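J.: Quick one: the structure is below, questions incoming.
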Amino acid sequence: MSEPNRVASTRVASAMALLVLSAGSSLAAAAQKPYQIFVTNEKSADITIIDGSDFKVVGTIQVGKRPRGIHVSPDGKTVYVATSGSPIEGPPPLDAAGNPILKKNNKDDDDDDKAKADKSADGIRIIDVATREITGKINAGSDPEEFAISKDGTRIYVSNEDIKTATVINIASGKVEHLIPVGGEPEGVGVTPDGKQLYVTCETAVEVFAIDTSTYKVVGHFTVSIRPRSVDFLSNANIGFVPSETKGQMNIIDTGSVNVLKTVDLPAGSRPMKVKVSPDNKRVYVSDGRAGTVSVIDTQTYAVLSTVKVGARPWGIVLSPDGKYLFSANGPSNDVSVVDLETNKEVTRVKAGEGPWGLTIVPGSGRGETTRLIGRQ
């Protein structure tokens, strides 16, 4: 090769190397974008804001009575919070197997005395992320607890336990567009990754309903073990996951045929609540309630790979955008566990308000790159 050609070849190679390095740096930066964790505190009527870079509390927002379900809009600019004026009752007694002893009409500690309820407090509060101020309230029916947001961010899907319906609300107008009859005590709500179906889990009816989001008609339903609490989905296959609290089981569902494919027993003592699929679709995580743990399940074999000790009775869980951390809301211990998912170990706990219940990840506003906290207690 002549000297001019050799020089030209070297320059091309150097330029390509710089492009590769630049692309790698961009990917690394994208994986480490700042984020915050918004946590609803059911008893102190507020939201704790935790910075995702150092896991420090950076703010508190008063939102109204009994905040529970919480989700961020697809554009990350708005947070929606379900509030309720129905009073909280104490935890129920357990039977010999560790199951809650249900009251008359299948009521338990998640329910309340309707006669003493302040219905004016019921609704979905709207929070502007930039200002951290409440900008409005949407009427979402009686005692809203859980909900989901449509993929285009235009509608809220709410489960209303009192009237056995799923409610479709237009966010812009604040108006109810559809009331869809489902089973007894609907709670968990989730939208499939393609946005075409809405799933609602019904606790006492032990049924799961699939609803078409273009027609809002029920397109299928199936039964599972008692008290299905939540639902989440793989983004690369027609597979979903529904935990059954009382039986301590995970139901693997086929969203194509709308049916149960397999049921997996969780570790003894598990009372599974909230389920979340990892961003890479390799793992599914479920909070185990009274067991004080989070179970880790392989999404190919459905084997339980590990259990992670966290705080008291974890309810809501959420994963960091890069899939490195899991955060659990530990109601009785008034804190949030931070779990390193590389080691499956709790690395720290963050003090929240009273009775932390739900969590959502809000992009931006962080203090920098995520700090690794392996070994920190």
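Residues are named by chain letter and number: chains run A, B, ... in the order of the structure tokens, numbers start at 1 in each chain, and ligands are numbered from 1 in the order shown.
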For A:Lys282, find every residue with an atom within 7 Å (counting only C-alpha atoms), except residues of its own chain fewer than 2 positions away, and show them as number ranges by chain.
T.: A: 278, 280, 298-299
J.: I'd like to know which of A:Glu177, A:Gly64, A:Phe147, A:Gly256 is closest to A:Lys196, using only C-alpha atoms.
T.: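 Of A:Glu177, A:Gly64, A:Phe147, A:Gly256, the one nearest A:Lys196, counting only C-alpha atoms, is A:Gly256.
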J.: Given only C-alpha atoms as the basis, pick out the residue of A:Thr60, A:Thr360, A:Thr255, A:Asn160 nearest to A:Pro74.
T.: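 The shortest atom-to-atom distance to A:Pro74 comes from A:Thr360.
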J.: Name the residues in contact with stretch 130-137 of chain A at a cut-off of 9 Å, using only C-alpha atoms, excluding same-chain residues fewer than 3 positions from it; report them as a PyMOL selection string.
T.: chain A and resi 59-63+77-78+123-127+174+365
J.: Create the file for the chosen residues now, containing N, CA and C atoms and written as a PDB file, in the first residue's frame.
T.:
```pdb
ATOM      1  N   GLY A  59     -38.050  15.836  47.896  1.00  0.00           N
ATOM      2  CA  GLY A  59     -39.270  16.630  47.966  1.00  0.00           C
ATOM      3  C   GLY A  59     -40.455  15.833  48.469  1.00  0.00           C
ATOM      4  N   THR A  60     -41.491  16.576  48.862  1.00  0.00           N
ATOM      5  CA  THR A  60     -42.749  15.986  49.319  1.00  0.00           C
ATOM      6  C   THR A  60     -43.890  16.810  48.738  1.00  0.00           C
ATOM      7  N   ILE A  61     -44.931  16.123  48.280  1.00  0.00           N
ATOM      8  CA  ILE A  61     -46.107  16.804  47.733  1.00  0.00           C
ATOM      9  C   ILE A  61     -47.346  16.328  48.487  1.00  0.00           C
ATOM     10  N   GLN A  62     -48.098  17.255  49.054  1.00  0.00           N
ATOM     11  CA  GLN A  62     -49.377  16.918  49.671  1.00  0.00           C
ATOM     12  C   GLN A  62     -50.417  16.725  48.566  1.00  0.00           C
ATOM     13  N   VAL A  63     -51.133  15.584  48.592  1.00  0.00           N
ATOM     14  CA  VAL A  63     -52.028  15.297  47.465  1.00  0.00           C
ATOM     15  C   VAL A  63     -53.473  15.041  47.860  1.00  0.00           C
ATOM     16  N   LYS A  77     -44.382  14.257  31.706  1.00  0.00           N
ATOM     17  CA  LYS A  77     -44.637  15.605  32.211  1.00  0.00           C
ATOM     18  C   LYS A  77     -45.693  15.671  33.309  1.00  0.00           C
ATOM     19  N   THR A  78     -46.488  14.602  33.423  1.00  0.00           N
ATOM     20  CA  THR A  78     -47.617  14.615  34.348  1.00  0.00           C
ATOM     21  C   THR A  78     -47.659  13.333  35.157  1.00  0.00           C
ATOM     22  N   GLY A 123     -60.925  10.577  43.669  1.00  0.00           N
ATOM     23  CA  GLY A 123     -60.607  11.089  42.343  1.00  0.00           C
ATOM     24  C   GLY A 123     -59.180  10.792  41.934  1.00  0.00           C
ATOM     25  N   ILE A 124     -58.817  11.239  40.749  1.00  0.00           N
ATOM     26  CA  ILE A 124     -57.450  11.136  40.235  1.00  0.00           C
ATOM     27  C   ILE A 124     -56.856  12.546  40.231  1.00  0.00           C
ATOM     28  N   ARG A 125     -55.856  12.765  41.065  1.00  0.00           N
ATOM     29  CA  ARG A 125     -55.192  14.077  41.111  1.00  0.00           C
ATOM     30  C   ARG A 125     -54.166  14.175  39.983  1.00  0.00           C
ATOM     31  N   ILE A 126     -54.052  15.367  39.428  1.00  0.00           N
ATOM     32  CA  ILE A 126     -53.120  15.635  38.325  1.00  0.00           C
ATOM     33  C   ILE A 126     -51.983  16.508  38.853  1.00  0.00           C
ATOM     34  N   ILE A 127     -50.750  16.026  38.704  1.00  0.00           N
ATOM     35  CA  ILE A 127     -49.577  16.761  39.203  1.00  0.00           C
ATOM     36  C   ILE A 127     -48.678  17.147  38.041  1.00  0.00           C
ATOM     37  N   GLY A 174     -62.037  15.078  31.027  1.00  0.00           N
ATOM     38  CA  GLY A 174     -62.359  14.627  32.370  1.00  0.00           C
ATOM     39  C   GLY A 174     -63.665  13.860  32.443  1.00  0.00           C
ATOM     40  N   SER A 365     -34.753  15.331  35.838  1.00  0.00           N
ATOM     41  CA  SER A 365     -34.632  16.015  37.132  1.00  0.00           C
ATOM     42  C   SER A 365     -33.724  15.309  38.119  1.00  0.00           C
TER      43      SER A 365
END
```
J.: Using only C-alpha atoms, which of A:Val39, A:Val168, A:Leu261, A:Ile239 sits nearest A:Asp212?
T.: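 Among A:Val39, A:Val168, A:Leu261, A:Ile239, it is A:Val168 that comes nearest to A:Asp212.
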J.: Among stretch 117-241 of chain A, which ones does DSSP assign to helix (DSSP H, G or I) (computed from the backbone)? Answer as a VMD selection string.
T.: chain A and resid 119 to 121 161 to 163
J.: Could you take the residues named above and write them with N, CA and C atoms, as a short mmCIF file (atom, residue, chain, number, x, y, z; two decimals), in the first residue's frame?
T.:
```cif
data_model
loop_
_atom_site.label_atom_id
_atom_site.label_comp_id
_atom_site.auth_asym_id
_atom_site.auth_seq_id
_atom_site.Cartn_x
_atom_site.Cartn_y
_atom_site.Cartn_z
N LYS A 119 -66.58 11.08 50.26
CA LYS A 119 -66.56 10.87 48.82
C LYS A 119 -66.03 12.08 48.04
N SER A 120 -65.99 13.24 48.68
CA SER A 120 -65.45 14.42 47.99
C SER A 120 -63.95 14.29 47.75
N ALA A 121 -63.30 13.39 48.49
CA ALA A 121 -61.85 13.21 48.33
C ALA A 121 -61.51 12.21 47.23
N GLU A 161 -64.05 -0.93 42.51
CA GLU A 161 -64.47 -2.12 43.26
C GLU A 161 -65.95 -2.07 43.65
N ASP A 162 -66.43 -0.89 44.01
CA ASP A 162 -67.80 -0.78 44.53
C ASP A 162 -68.86 -1.20 43.51
N ILE A 163 -68.62 -0.91 42.24
CA ILE A 163 -69.66 -1.12 41.24
C ILE A 163 -69.29 -2.16 40.18
#
```
